Amino acid sequence: MSARKIEILQIAIHIIASEGYDRLTLRALARASDIKLGALQSHFPNREALLRALTDYLLSEYLKSLHALEQVEGALSIYDVARWYLSDFAGLDLKGDWLWPQLFAMSRVEPSMKELVDDISKRIVQIFEDYFHRAGSPNPRLEALALYSFGEGSTLFTSEGSPWESDAKDLNAAVLSLIEAKYGKKNADKHVA
């Protein structure tokens with residue numbers, strides 16, 4: 001993907017996170033990107049193409065972040081993966097606590113976005129399921145769904161400006177403590193694939 005497309009997608013992310021998904025139009029994005037609408041449409045012919053590219057970009061960045069962590073730390077445990085996920089795993093300046101609720105809200109009113117968000121969710125849950133399986137979980141799918149649900153749900157309750165914002169760090173620590181109590185911080189040799 002070209003650097004200019006990535007720049008435009010990052011501006012789209014900013015619009016969604018800071019102004020709301022309903023503010024993301026091709027015209028608004030062209031204005032914010034300081035390009036003409038026709039030039040923007042050469043990159044993204046329509047809103048659906050933009051949304052597809054946006055979700056592909058987000059998933060790609062998250063997977064790159066996870067792979068980078070694997071390169072640094074070696075074989076990851078479910079504890080490592082949960083810590084990565086709960087710390088807004090991609091390490092991007094996405095304001096994830098604002099972006100993801102907007103994307104989920106968008107998916108409730110735009111069928112094409114529902115499919116895209118579901119695709120991302122399925123991929124992430126599958127990654128978690130694989131790690132829970134390696135950790136010896138008797139219910140890897142359910143535990144993966146629980147972790148994903150917790151992470152996404154917590155963005156609604158502990159995000160910036162919420163009544164429980166000050167509890168966000170402690171809440172994540174509590175979840176990591178539960179995972180550590182059940183699986184430890186590192187994989188036992190017998191569970192590592």
# chains A, B, ... in the order shown; residues from 1 in each chain; ligands from 1
$ residues_around --residues "Phe157 in chain A" --least-positions-apart "4" --cutoff "12 Å" --atoms "only C-alpha atoms" --output "PyMOL selection string"
chain A and resi 97-98+101+150-153+161-168+171
$ residues_around --residues "Arg52 in chain A" --least-positions-apart "5" --cutoff "12 Å" --atoms "only C-alpha atoms" --output "list in words"
Leu9, Phe44, Pro45, Asn46, Arg47, Tyr57, Leu58, Leu59, Ser112, Met113, Lys114, Glu115, Leu116, Val117, Asp119 and Ile120 of chain A
$ residues_around --residues "range 127-136 of chain A" --least-positions-apart "2" --cutoff "12 Å" --atoms "only C-alpha atoms" --output "PyMOL selection string"
chain A and resi 59+62-63+66-67+75-85+120-125+138-149+151+179-180+182-193
$ write_last_selection --atoms "N, CA and C atoms" --output "compact mmCIF listing (two decimals), in the first residue's frame"
# COMPACT_ATOMS: atom_id res chain seq x y z
N LEU A 59 -6.29 -4.27 10.58
CA LEU A 59 -5.93 -5.66 10.89
C LEU A 59 -4.45 -5.90 10.60
N TYR A 62 -2.31 -4.39 13.38
CA TYR A 62 -2.39 -5.17 14.60
C TYR A 62 -1.57 -6.46 14.48
N LEU A 63 -1.68 -7.13 13.33
CA LEU A 63 -0.91 -8.36 13.14
C LEU A 63 0.58 -8.08 13.10
N LEU A 66 1.71 -7.68 16.68
CA LEU A 66 1.83 -8.96 17.36
C LEU A 66 3.09 -9.70 16.90
N HIS A 67 3.34 -9.70 15.61
CA HIS A 67 4.53 -10.37 15.09
C HIS A 67 5.81 -9.69 15.58
N ALA A 75 8.51 -17.06 21.73
CA ALA A 75 7.20 -17.68 21.84
C ALA A 75 6.37 -16.97 22.91
N LEU A 76 5.18 -16.55 22.53
CA LEU A 76 4.33 -15.81 23.45
C LEU A 76 3.38 -16.73 24.20
N SER A 77 3.10 -16.38 25.43
CA SER A 77 2.10 -17.08 26.23
C SER A 77 0.77 -16.37 26.06
N ILE A 78 -0.30 -16.98 26.55
CA ILE A 78 -1.59 -16.32 26.51
C ILE A 78 -1.55 -15.06 27.38
N TYR A 79 -0.76 -15.08 28.44
CA TYR A 79 -0.58 -13.88 29.27
C TYR A 79 0.02 -12.74 28.43
N ASP A 80 1.06 -13.06 27.65
CA ASP A 80 1.70 -12.05 26.80
C ASP A 80 0.71 -11.47 25.79
N VAL A 81 -0.07 -12.36 25.18
CA VAL A 81 -1.03 -11.93 24.16
C VAL A 81 -2.12 -11.07 24.79
N ALA A 82 -2.60 -11.46 25.97
CA ALA A 82 -3.62 -10.66 26.65
C ALA A 82 -3.06 -9.29 27.04
N ARG A 83 -1.83 -9.27 27.53
CA ARG A 83 -1.20 -7.98 27.90
C ARG A 83 -1.08 -7.09 26.67
N TRP A 84 -0.67 -7.68 25.56
CA TRP A 84 -0.56 -6.95 24.30
C TRP A 84 -1.92 -6.40 23.88
N TYR A 85 -2.93 -7.21 23.94
CA TYR A 85 -4.28 -6.82 23.53
C TYR A 85 -4.85 -5.73 24.44
N ILE A 120 -12.60 -8.75 11.10
CA ILE A 120 -11.51 -8.44 12.02
C ILE A 120 -11.71 -9.19 13.33
N SER A 121 -12.92 -9.15 13.85
CA SER A 121 -13.21 -9.82 15.12
C SER A 121 -12.92 -11.31 15.04
N LYS A 122 -13.34 -11.94 13.97
CA LYS A 122 -13.10 -13.38 13.81
C LYS A 122 -11.61 -13.69 13.78
N ARG A 123 -10.85 -12.86 13.08
CA ARG A 123 -9.40 -13.08 13.00
C ARG A 123 -8.74 -12.95 14.37
N ILE A 124 -9.13 -11.92 15.11
CA ILE A 124 -8.52 -11.69 16.42
C ILE A 124 -8.93 -12.81 17.39
N VAL A 125 -10.21 -13.18 17.39
CA VAL A 125 -10.67 -14.26 18.26
C VAL A 125 -9.94 -15.56 17.91
N PRO A 138 -9.23 -25.89 28.39
CA PRO A 138 -10.24 -26.88 28.03
C PRO A 138 -11.33 -26.28 27.13
N ASN A 139 -11.43 -24.95 27.11
CA ASN A 139 -12.43 -24.23 26.30
C ASN A 139 -11.79 -23.05 25.58
N PRO A 140 -10.87 -23.29 24.66
CA PRO A 140 -10.14 -22.18 24.06
C PRO A 140 -11.03 -21.18 23.34
N ARG A 141 -12.06 -21.65 22.66
CA ARG A 141 -12.94 -20.73 21.93
C ARG A 141 -13.67 -19.80 22.88
N LEU A 142 -14.23 -20.36 23.95
CA LEU A 142 -14.98 -19.54 24.90
C LEU A 142 -14.07 -18.57 25.64
N GLU A 143 -12.88 -19.02 26.00
CA GLU A 143 -11.96 -18.11 26.68
C GLU A 143 -11.47 -17.02 25.73
N ALA A 144 -11.30 -17.36 24.46
CA ALA A 144 -10.92 -16.35 23.46
C ALA A 144 -12.02 -15.32 23.31
N LEU A 145 -13.26 -15.78 23.23
CA LEU A 145 -14.40 -14.85 23.14
C LEU A 145 -14.50 -13.99 24.39
N ALA A 146 -14.25 -14.58 25.55
CA ALA A 146 -14.31 -13.81 26.80
C ALA A 146 -13.25 -12.70 26.81
N LEU A 147 -12.02 -13.03 26.41
CA LEU A 147 -10.96 -12.03 26.38
C LEU A 147 -11.31 -10.93 25.38
N TYR A 148 -11.76 -11.31 24.19
CA TYR A 148 -12.11 -10.31 23.19
C TYR A 148 -13.27 -9.44 23.67
N SER A 149 -14.28 -10.06 24.25
CA SER A 149 -15.43 -9.31 24.76
C SER A 149 -15.01 -8.35 25.86
N GLY A 151 -12.04 -6.98 26.34
CA GLY A 151 -11.25 -5.88 25.79
C GLY A 151 -12.11 -4.86 25.07
N ILE A 179 -5.61 -14.50 34.33
CA ILE A 179 -4.93 -15.33 33.32
C ILE A 179 -3.66 -15.92 33.92
N GLU A 180 -2.92 -15.10 34.66
CA GLU A 180 -1.69 -15.60 35.28
C GLU A 180 -1.98 -16.71 36.28
N LYS A 182 -4.34 -18.85 36.21
CA LYS A 182 -4.75 -20.09 35.54
C LYS A 182 -3.64 -20.66 34.65
N TYR A 183 -2.90 -19.78 33.96
CA TYR A 183 -1.94 -20.26 32.96
C TYR A 183 -0.48 -19.88 33.24
N GLY A 184 -0.25 -19.01 34.19
CA GLY A 184 1.10 -18.52 34.43
C GLY A 184 1.43 -17.40 33.46
N LYS A 185 2.61 -16.85 33.62
CA LYS A 185 3.01 -15.76 32.72
C LYS A 185 3.65 -16.29 31.44
N LYS A 186 4.27 -17.44 31.54
CA LYS A 186 4.93 -18.03 30.36
C LYS A 186 4.36 -19.40 30.11
N ASN A 187 4.37 -19.80 28.84
CA ASN A 187 3.88 -21.13 28.48
C ASN A 187 4.77 -22.20 29.08
N ALA A 188 4.15 -23.24 29.56
CA ALA A 188 4.91 -24.43 29.95
C ALA A 188 5.41 -25.07 28.66
N ASP A 189 6.60 -25.65 28.70
CA ASP A 189 7.18 -26.23 27.48
C ASP A 189 6.24 -27.18 26.77
N LYS A 190 5.47 -27.95 27.50
CA LYS A 190 4.60 -28.94 26.87
C LYS A 190 3.46 -28.31 26.07
N HIS A 191 3.14 -27.04 26.33
CA HIS A 191 2.02 -26.40 25.64
C HIS A 191 2.45 -25.55 24.44
N VAL A 192 3.71 -25.22 24.35
CA VAL A 192 4.16 -24.34 23.27
C VAL A 192 4.18 -25.13 21.97
N ALA A 193 3.55 -24.55 20.94
CA ALA A 193 3.49 -25.24 19.64
C ALA A 193 4.76 -25.01 18.85
$ select_by_dssp --residues "range 4-193 of chain A" --states "alpha helix (DSSP H)" --output "VMD selection string"
chain A and resid 4 to 19 26 to 33 37 to 43 47 to 73 78 to 86 96 to 109 111 to 134 140 to 157 168 to 183
$ residues_around --residues "Leu50 in chain A" --least-positions-apart "5" --cutoff "10 Å" --atoms "only C-alpha atoms" --output "PDB file with N, CA and C atoms, in the first residue's frame"
ATOM      1  N   LYS A   5      -1.754   6.438   0.467  1.00  0.00           N
ATOM      2  CA  LYS A   5      -2.972   5.727   0.888  1.00  0.00           C
ATOM      3  C   LYS A   5      -2.984   5.537   2.403  1.00  0.00           C
ATOM      4  N   ILE A   8      -3.888   8.770   4.065  1.00  0.00           N
ATOM      5  CA  ILE A   8      -5.325   9.037   3.937  1.00  0.00           C
ATOM      6  C   ILE A   8      -6.107   8.161   4.917  1.00  0.00           C
ATOM      7  N   LEU A   9      -5.734   6.893   5.047  1.00  0.00           N
ATOM      8  CA  LEU A   9      -6.419   6.003   5.978  1.00  0.00           C
ATOM      9  C   LEU A   9      -6.225   6.457   7.420  1.00  0.00           C
ATOM     10  N   ALA A  12      -8.596   9.165   7.960  1.00  0.00           N
ATOM     11  CA  ALA A  12      -9.946   8.599   8.122  1.00  0.00           C
ATOM     12  C   ALA A  12     -10.130   8.073   9.546  1.00  0.00           C
ATOM     13  N   THR A  25     -17.055  11.004   5.382  1.00  0.00           N
ATOM     14  CA  THR A  25     -17.546  10.978   4.009  1.00  0.00           C
ATOM     15  C   THR A  25     -16.343  11.155   3.107  1.00  0.00           C
ATOM     16  N   LEU A  26     -16.487  10.810   1.852  1.00  0.00           N
ATOM     17  CA  LEU A  26     -15.368  11.003   0.926  1.00  0.00           C
ATOM     18  C   LEU A  26     -15.020  12.485   0.821  1.00  0.00           C
ATOM     19  N   LEU A  40      -8.864  11.717  -4.470  1.00  0.00           N
ATOM     20  CA  LEU A  40      -9.156  10.728  -3.427  1.00  0.00           C
ATOM     21  C   LEU A  40      -9.809   9.497  -4.043  1.00  0.00           C
ATOM     22  N   GLN A  41     -10.722   9.713  -4.979  1.00  0.00           N
ATOM     23  CA  GLN A  41     -11.426   8.588  -5.594  1.00  0.00           C
ATOM     24  C   GLN A  41     -10.515   7.757  -6.492  1.00  0.00           C
ATOM     25  N   HIS A  43      -7.749   6.724  -5.373  1.00  0.00           N
ATOM     26  CA  HIS A  43      -7.259   5.780  -4.366  1.00  0.00           C
ATOM     27  C   HIS A  43      -8.384   4.885  -3.857  1.00  0.00           C
ATOM     28  N   PHE A  44      -9.545   5.509  -3.595  1.00  0.00           N
ATOM     29  CA  PHE A  44     -10.714   4.818  -3.033  1.00  0.00           C
ATOM     30  C   PHE A  44     -11.939   5.259  -3.822  1.00  0.00           C
ATOM     31  N   PRO A  45     -12.352   4.475  -4.811  1.00  0.00           N
ATOM     32  CA  PRO A  45     -13.427   4.894  -5.720  1.00  0.00           C
ATOM     33  C   PRO A  45     -14.763   5.200  -5.038  1.00  0.00           C
ATOM     34  N   THR A  55     -10.294  -1.260   7.118  1.00  0.00           N
ATOM     35  CA  THR A  55     -10.272  -2.443   7.990  1.00  0.00           C
ATOM     36  C   THR A  55      -9.082  -3.353   7.668  1.00  0.00           C
ATOM     37  N   ASP A  56      -8.734  -3.464   6.398  1.00  0.00           N
ATOM     38  CA  ASP A  56      -7.540  -4.252   6.037  1.00  0.00           C
ATOM     39  C   ASP A  56      -6.293  -3.642   6.662  1.00  0.00           C
TER      40      ASP A  56
END
$ atom_distance --atom1 "CA of Leu54 in chain A" --atom2 "CA of Gln10 in chain A"
8.5 Å
$ residues_around --residues "Arg27 in chain A" --least-positions-apart "4" --cutoff "9 Å" --atoms "only C-alpha atoms" --output "PyMOL selection string"
chain A and resi 31-32+36-37+40
$ atom_distance --atom1 "CA of Glu160 in chain A" --atom2 "CA of Val109 in chain A"
24.5 Å
$ decode --residues "range 71-84 of chain A" --atoms "all heavy atoms" --output "tab-separated table (two decimals), in the first residue's frame"
chain	number	residue	atom	x	y	z
A	71	GLN	N	8.86	-11.35	17.71
A	71	GLN	CA	10.28	-11.23	17.34
A	71	GLN	C	11.13	-10.82	18.54
A	71	GLN	O	12.25	-11.29	18.69
A	71	GLN	CB	10.46	-10.21	16.20
A	71	GLN	CG	9.83	-10.62	14.90
A	71	GLN	CD	10.48	-11.86	14.33
A	71	GLN	OE1	11.67	-12.09	14.43
A	71	GLN	NE2	9.66	-12.71	13.72
A	72	VAL	N	10.58	-9.95	19.37
A	72	VAL	CA	11.32	-9.45	20.53
A	72	VAL	C	11.33	-10.47	21.67
A	72	VAL	O	12.36	-10.72	22.28
A	72	VAL	CB	10.72	-8.11	21.02
A	72	VAL	CG1	11.30	-7.69	22.35
A	72	VAL	CG2	10.91	-7.03	19.97
A	73	GLU	N	10.16	-11.08	21.95
A	73	GLU	CA	10.03	-11.93	23.13
A	73	GLU	C	10.07	-13.42	22.85
A	73	GLU	O	10.07	-14.22	23.77
A	73	GLU	CB	8.74	-11.58	23.88
A	73	GLU	CG	8.77	-10.17	24.43
A	73	GLU	CD	7.65	-9.88	25.40
A	73	GLU	OE1	7.04	-10.84	25.93
A	73	GLU	OE2	7.38	-8.70	25.63
A	74	GLY	N	10.06	-13.81	21.59
A	74	GLY	CA	10.03	-15.23	21.27
A	74	GLY	C	8.62	-15.78	21.39
A	74	GLY	O	7.65	-15.05	21.22
A	75	ALA	N	8.51	-17.06	21.73
A	75	ALA	CA	7.20	-17.68	21.84
A	75	ALA	C	6.37	-16.97	22.91
A	75	ALA	O	6.82	-16.79	24.04
A	75	ALA	CB	7.34	-19.16	22.18
A	76	LEU	N	5.18	-16.55	22.53
A	76	LEU	CA	4.33	-15.81	23.45
A	76	LEU	C	3.38	-16.73	24.20
A	76	LEU	O	2.90	-17.72	23.66
A	76	LEU	CB	3.49	-14.78	22.67
A	76	LEU	CG	4.25	-13.73	21.87
A	76	LEU	CD1	3.28	-12.83	21.12
A	76	LEU	CD2	5.16	-12.91	22.77
A	77	SER	N	3.10	-16.38	25.43
A	77	SER	CA	2.10	-17.08	26.23
A	77	SER	C	0.77	-16.37	26.06
A	77	SER	O	0.71	-15.26	25.54
A	77	SER	CB	2.51	-17.06	27.70
A	77	SER	OG	2.46	-15.73	28.20
A	78	ILE	N	-0.30	-16.98	26.55
A	78	ILE	CA	-1.59	-16.32	26.51
A	78	ILE	C	-1.55	-15.06	27.38
A	78	ILE	O	-2.18	-14.05	27.07
A	78	ILE	CB	-2.76	-17.26	26.91
A	78	ILE	CG1	-4.10	-16.59	26.64
A	78	ILE	CG2	-2.65	-17.71	28.35
A	78	ILE	CD1	-4.35	-16.16	25.21
A	79	TYR	N	-0.76	-15.08	28.44
A	79	TYR	CA	-0.58	-13.88	29.27
A	79	TYR	C	0.02	-12.74	28.43
A	79	TYR	O	-0.45	-11.61	28.49
A	79	TYR	CB	0.32	-14.19	30.47
A	79	TYR	CG	0.55	-13.02	31.38
A	79	TYR	CD1	-0.29	-12.79	32.46
A	79	TYR	CD2	1.60	-12.14	31.16
A	79	TYR	CE1	-0.09	-11.71	33.30
A	79	TYR	CE2	1.81	-11.05	31.99
A	79	TYR	CZ	0.95	-10.83	33.05
A	79	TYR	OH	1.15	-9.75	33.87
A	80	ASP	N	1.06	-13.06	27.65
A	80	ASP	CA	1.70	-12.05	26.80
A	80	ASP	C	0.71	-11.47	25.79
A	80	ASP	O	0.67	-10.26	25.54
A	80	ASP	CB	2.88	-12.64	26.02
A	80	ASP	CG	4.01	-13.12	26.91
A	80	ASP	OD1	4.26	-12.51	27.97
A	80	ASP	OD2	4.65	-14.12	26.52
A	81	VAL	N	-0.07	-12.36	25.18
A	81	VAL	CA	-1.03	-11.93	24.16
A	81	VAL	C	-2.12	-11.07	24.79
A	81	VAL	O	-2.52	-10.04	24.24
A	81	VAL	CB	-1.63	-13.15	23.42
A	81	VAL	CG1	-2.75	-12.74	22.49
A	81	VAL	CG2	-0.53	-13.86	22.65
A	82	ALA	N	-2.60	-11.46	25.97
A	82	ALA	CA	-3.62	-10.66	26.65
A	82	ALA	C	-3.06	-9.29	27.04
A	82	ALA	O	-3.74	-8.27	26.88
A	82	ALA	CB	-4.13	-11.41	27.89
A	83	ARG	N	-1.83	-9.27	27.53
A	83	ARG	CA	-1.20	-7.98	27.90
A	83	ARG	C	-1.08	-7.09	26.67
A	83	ARG	O	-1.37	-5.90	26.72
A	83	ARG	CB	0.18	-8.26	28.51
A	83	ARG	CG	0.90	-7.02	29.00
A	83	ARG	CD	2.21	-7.42	29.71
A	83	ARG	NE	2.87	-8.52	29.04
A	83	ARG	CZ	3.92	-8.39	28.23
A	83	ARG	NH1	4.44	-7.22	28.00
A	83	ARG	NH2	4.47	-9.44	27.67
A	84	TRP	N	-0.67	-7.68	25.56
A	84	TRP	CA	-0.56	-6.95	24.30
A	84	TRP	C	-1.92	-6.40	23.88
A	84	TRP	O	-2.06	-5.22	23.56
A	84	TRP	CB	0.00	-7.90	23.24
A	84	TRP	CG	-0.12	-7.47	21.82
A	84	TRP	CD1	0.69	-6.59	21.16
A	84	TRP	CD2	-1.08	-7.91	20.86
A	84	TRP	NE1	0.28	-6.46	19.86
A	84	TRP	CE2	-0.81	-7.26	19.66
A	84	TRP	CE3	-2.15	-8.80	20.92
A	84	TRP	CZ2	-1.55	-7.47	18.52
A	84	TRP	CZ3	-2.91	-9.00	19.79
A	84	TRP	CH2	-2.61	-8.34	18.60
